[in-house]
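Peer 1: Got a structure for you, written out below as structure tokens; questions coming shortly.
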Amino acid sequence: MSNASAGRGRFARVSLVLGPSVGRAAALCQHTGRLGALRSPAALDVVESALGFAEERGVDDVREFENLFSASHVWGHLPSEYLTLPDLGEASLAVLDHIQHLLEQLAPEALREVAIAMSVEQHIVGVALELVEEAARGGAEFRVGSMAEFEEEMLLNDDRIGDAVDVLVWEAPGDWPPLQRGALVLALVWEIAELVGYAAELVAAEARPAELLWQAAGTGHLCAGVRVRVPGPGVLVWASVDEEDFEGRPLFSQAVQLGVWRWSLGWQTADGAPVFYKAGRGPSRAAARWRAEQAVLDLLADPYPVKSPVSGEWLLPPC
């Protein structure tokens, strides 16, 4: 897709929201903490192609692609009579199929480059490998035994999966077994589909949230907070962004370590007690901050129905 056509598509606002200094694929990767992708032409090409394909789908509401946040719960899973999988919608399934095809066509070295660029996690590849193995067998294996036998089997299987995933690290990409390569492709499909979901979230916002003046708690601490006065009675609403512990680690040591940030929104009562309202997470400080600012914007647009789901207290008591 040319830069000109990318600038006219449904996801053109990604560059407007995140800044026009870089292409939308690079801006999106930076926004979501996939900083390694900024140095990978192969990864940016795949992300750009996924965005271009998605915006060509005939959906009435671009927010349909936010279903792709649930891709890992559907794509790659066999149908089961015991489990109802989420319905992602025809357009989102088409995007997933397109991403899968893109990745499958990559040369082994290029696939490894994309995996490093996207900081694909070792644990996620392990989950994908179990699904790929299940698909190769034609279904899940069920064994009857005691709980102790089941727990021992699970531990042995975890060790086996870990060793199988390590093959992707120790072997040359051209020597990867088909199942391991398929697992890496599947994990990357989930990762890149999630980026399309973030793009849909960004462009679906009715208005770009005003950038608030955040105050860091300290030079060695990444949390930040902001207070905004609600029009009318002068209630102070607060928002904060804090880095959380993140146990995931990239499969490849050359990859950038990912993280997770939690944002929260609330206010204070007349006696200064904090009241919780809403919270969420983002894959980067910038993404969490954007979601917090969007939540503040939505609250300020109509503060009267706002009520804490925990305490039941109203932001503005009903008259």
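We label chains A, B, ... in the order they appear in the structure tokens, count residues from 1 in each chain, and number ligands from 1 in the order shown.
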Would you list the contacts of Val132 (chain A) as a short mmCIF file (atom, residue, chain, number, x, y, z; two decimals) with N, CA, C and O atoms, in the first residue's frame, taking every protein, DNA or RNA residue within 9 Å and counting only C-alpha atoms, but skipping same-chain residues closer than 4 positions in sequence?

Peer 2:
data_model
loop_
_atom_site.label_atom_id
_atom_site.label_comp_id
_atom_site.auth_asym_id
_atom_site.auth_seq_id
_atom_site.Cartn_x
_atom_site.Cartn_y
_atom_site.Cartn_z
N GLY A 76 -6.98 -20.21 15.91
CA GLY A 76 -6.11 -21.33 16.21
C GLY A 76 -6.74 -22.38 17.10
O GLY A 76 -6.17 -23.45 17.30
N HIS A 77 -7.92 -22.09 17.64
CA HIS A 77 -8.62 -23.03 18.50
C HIS A 77 -9.56 -23.91 17.66
O HIS A 77 -10.26 -23.42 16.78
N VAL A 127 1.76 -21.60 24.52
CA VAL A 127 0.31 -21.78 24.40
C VAL A 127 -0.06 -22.07 22.95
O VAL A 127 -0.88 -22.97 22.66
N ALA A 128 0.53 -21.33 22.03
CA ALA A 128 0.26 -21.53 20.61
C ALA A 128 0.69 -22.93 20.15
O ALA A 128 0.01 -23.57 19.36
N ALA A 136 -2.94 -30.64 14.83
CA ALA A 136 -2.26 -31.69 14.06
C ALA A 136 -2.80 -33.07 14.42
O ALA A 136 -2.86 -33.97 13.57
N ARG A 137 -3.19 -33.26 15.69
CA ARG A 137 -3.76 -34.54 16.13
C ARG A 137 -5.22 -34.68 15.73
O ARG A 137 -5.77 -35.78 15.74
N LEU A 179 5.89 -27.75 13.33
CA LEU A 179 4.99 -27.41 14.44
C LEU A 179 5.46 -26.18 15.19
O LEU A 179 4.66 -25.31 15.55
N GLN A 180 6.77 -26.08 15.43
CA GLN A 180 7.29 -24.91 16.14
C GLN A 180 7.15 -23.65 15.29
O GLN A 180 6.80 -22.58 15.80
N GLY A 182 4.87 -23.17 13.05
CA GLY A 182 3.44 -22.86 13.07
C GLY A 182 3.02 -22.17 14.35
O GLY A 182 2.17 -21.27 14.34
N ALA A 183 3.62 -22.58 15.48
CA ALA A 183 3.29 -21.95 16.75
C ALA A 183 3.76 -20.51 16.79
O ALA A 183 3.06 -19.62 17.30
N LEU A 186 1.38 -18.46 14.73
CA LEU A 186 0.11 -18.25 15.42
C LEU A 186 0.24 -17.19 16.50
O LEU A 186 -0.62 -16.30 16.63
#

Peer 1: As an MDAnalysis selection string, which residues of region 38-282 of chain A does DSSP assign to helix (DSSP H, G or I)?

Peer 2: chainID A and resid 38:39 41:55 62:73 90:104 108:117 122:137 147:170 173:175 178:204

Peer 1: Within 7 Å of region 244-263 of chain A, which residues of region 118-199 of chain A come that close, and what is the closest atom pair and distance in Å for each? Count only C-alpha atoms and give it as a tab-separated table.

Peer 2:
residue	atom	partner	partner_atom	distance
A:Ser119	CA	A:Ala255	CA	5.1
A:Val120	CA	A:Pro250	CA	5.5
A:Glu121	CA	A:Pro250	CA	4.2
A:Gln122	CA	A:Leu251	CA	4.2
A:Val169	CA	A:Phe252	CA	6.5

Peer 1: Name all residues at most 7 Å from Val203 (chain A) (count only C-alpha atoms; drop same-chain ones fewer than 3 positions away) and give them as a PyMOL selection string.

Peer 2: chain A and resi 11+13-14+199-200

Peer 1: Would you mind exporting the chosen residues as a compact mmCIF listing (two decimals), in the first residue's frame, restricted to C-alpha atoms?

Peer 2:
# COMPACT_ATOMS: atom_id res chain seq x y z
CA PHE A 11 -7.02 4.29 9.79
CA ARG A 13 -6.39 9.11 11.96
CA VAL A 14 -3.84 6.86 13.63
CA ALA A 199 -5.76 1.20 15.74
CA ALA A 200 -9.54 0.78 15.71

Peer 1: Any idea what's packed within 12 Å of Arg39 (chain A), counting only C-alpha atoms, ignoring anything in its chain fewer than 5 positions away? Could you give it as a short mmCIF file (atom, residue, chain, number, x, y, z; two decimals) with C-alpha atoms, in the first residue's frame?

Peer 2:
data_model
loop_
_atom_site.label_atom_id
_atom_site.label_comp_id
_atom_site.auth_asym_id
_atom_site.auth_seq_id
_atom_site.Cartn_x
_atom_site.Cartn_y
_atom_site.Cartn_z
CA ALA A 25 2.58 1.35 11.44
CA ALA A 26 5.64 2.69 13.26
CA CYS A 29 4.08 0.00 17.32
CA GLN A 30 5.62 2.81 19.37
CA ARG A 34 6.65 -2.70 20.40
CA LEU A 44 6.41 -2.70 9.80
CA ASP A 45 5.48 -4.12 6.39
CA GLU A 113 13.11 -10.82 12.60
CA VAL A 114 9.40 -10.11 13.03
CA ILE A 116 12.14 -10.33 17.71
CA ALA A 117 10.67 -7.00 16.61
CA MET A 118 7.28 -7.80 18.17
CA ALA A 255 13.92 -8.45 21.82
CA VAL A 256 12.80 -5.41 23.80
#

Peer 1: List the spatial neighbours of Pro317 (chain A) as JSON, numbers by chain - criterion: any atom at most 10 Å away, only C-alpha atoms, same-chain residues fewer than 5 positions off excluded.

Peer 2: {"A": [304, 305, 306, 307]}

Peer 1: With all heavy atoms retained, could you export that selection as a compact mmCIF listing (two decimals), in the first residue's frame?

Peer 2:
# COMPACT_ATOMS: atom_id res chain seq x y z
N TYR A 304 -22.98 13.62 35.26
CA TYR A 304 -24.11 13.42 36.17
C TYR A 304 -24.48 11.95 36.40
O TYR A 304 -24.87 11.59 37.52
CB TYR A 304 -25.32 14.22 35.68
CG TYR A 304 -25.07 15.70 35.78
CD1 TYR A 304 -24.63 16.42 34.67
CD2 TYR A 304 -25.21 16.37 36.99
CE1 TYR A 304 -24.35 17.78 34.77
CE2 TYR A 304 -24.95 17.73 37.10
CZ TYR A 304 -24.51 18.43 35.98
OH TYR A 304 -24.22 19.76 36.08
N PRO A 305 -24.38 11.05 35.41
CA PRO A 305 -24.72 9.64 35.70
C PRO A 305 -23.55 8.83 36.26
O PRO A 305 -23.67 7.62 36.43
CB PRO A 305 -25.15 9.10 34.33
CG PRO A 305 -24.36 9.89 33.35
CD PRO A 305 -24.21 11.27 33.96
N VAL A 306 -22.42 9.47 36.55
CA VAL A 306 -21.22 8.75 36.98
C VAL A 306 -21.36 8.32 38.44
O VAL A 306 -21.60 9.14 39.32
CB VAL A 306 -19.96 9.63 36.80
CG1 VAL A 306 -18.75 8.95 37.42
CG2 VAL A 306 -19.74 9.92 35.32
N LYS A 307 -21.19 7.01 38.67
CA LYS A 307 -21.32 6.45 40.01
C LYS A 307 -20.25 5.38 40.22
O LYS A 307 -19.94 4.61 39.31
CB LYS A 307 -22.71 5.85 40.22
CG LYS A 307 -22.95 5.29 41.61
CD LYS A 307 -24.41 4.90 41.81
CE LYS A 307 -24.77 3.70 40.99
NZ LYS A 307 -26.12 3.19 41.36

Peer 1: DSSP says strand (DSSP E or B) for which residues of region 154-302 of chain A? Put them as a PyMOL selection string?

Peer 2: chain A and resi 215-218+221-229+236-244+250+260-268+274-282

Peer 1: Between A:Glu48, A:Asp163, A:Asp175, A:Glu201, which one has atoms that come closest to Ile99 (chain A), using only C-alpha atoms?

Peer 2: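 So, comparing all the options, the nearest one is A:Glu48.
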
Peer 1: Can you work out which one of A:Gly126, A:Pro178, A:Pro173, A:Gly266 has the shortest atom-to-atom distance to Asn157 (chain A), counting only C-alpha atoms?

Peer 2: A:Gly126

Peer 1: Have a look at A:Leu131, A:Leu202, A:Ala187, A:Ala164 and name the one nearest to Pro79 (chain A); count only C-alpha atoms.

Peer 2: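 Using only C-alpha atoms, Pro79 (chain A) sits closest to A:Leu131.
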
Peer 1: Select, from A:Leu188, A:Ala148, A:Ala115, A:Leu195, the residue with the minimum atom-to-atom distance to Gly36 (chain A), counting only C-alpha atoms.

Peer 2: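 Of A:Leu188, A:Ala148, A:Ala115, A:Leu195, the one nearest Gly36 (chain A), counting only C-alpha atoms, is A:Ala115.
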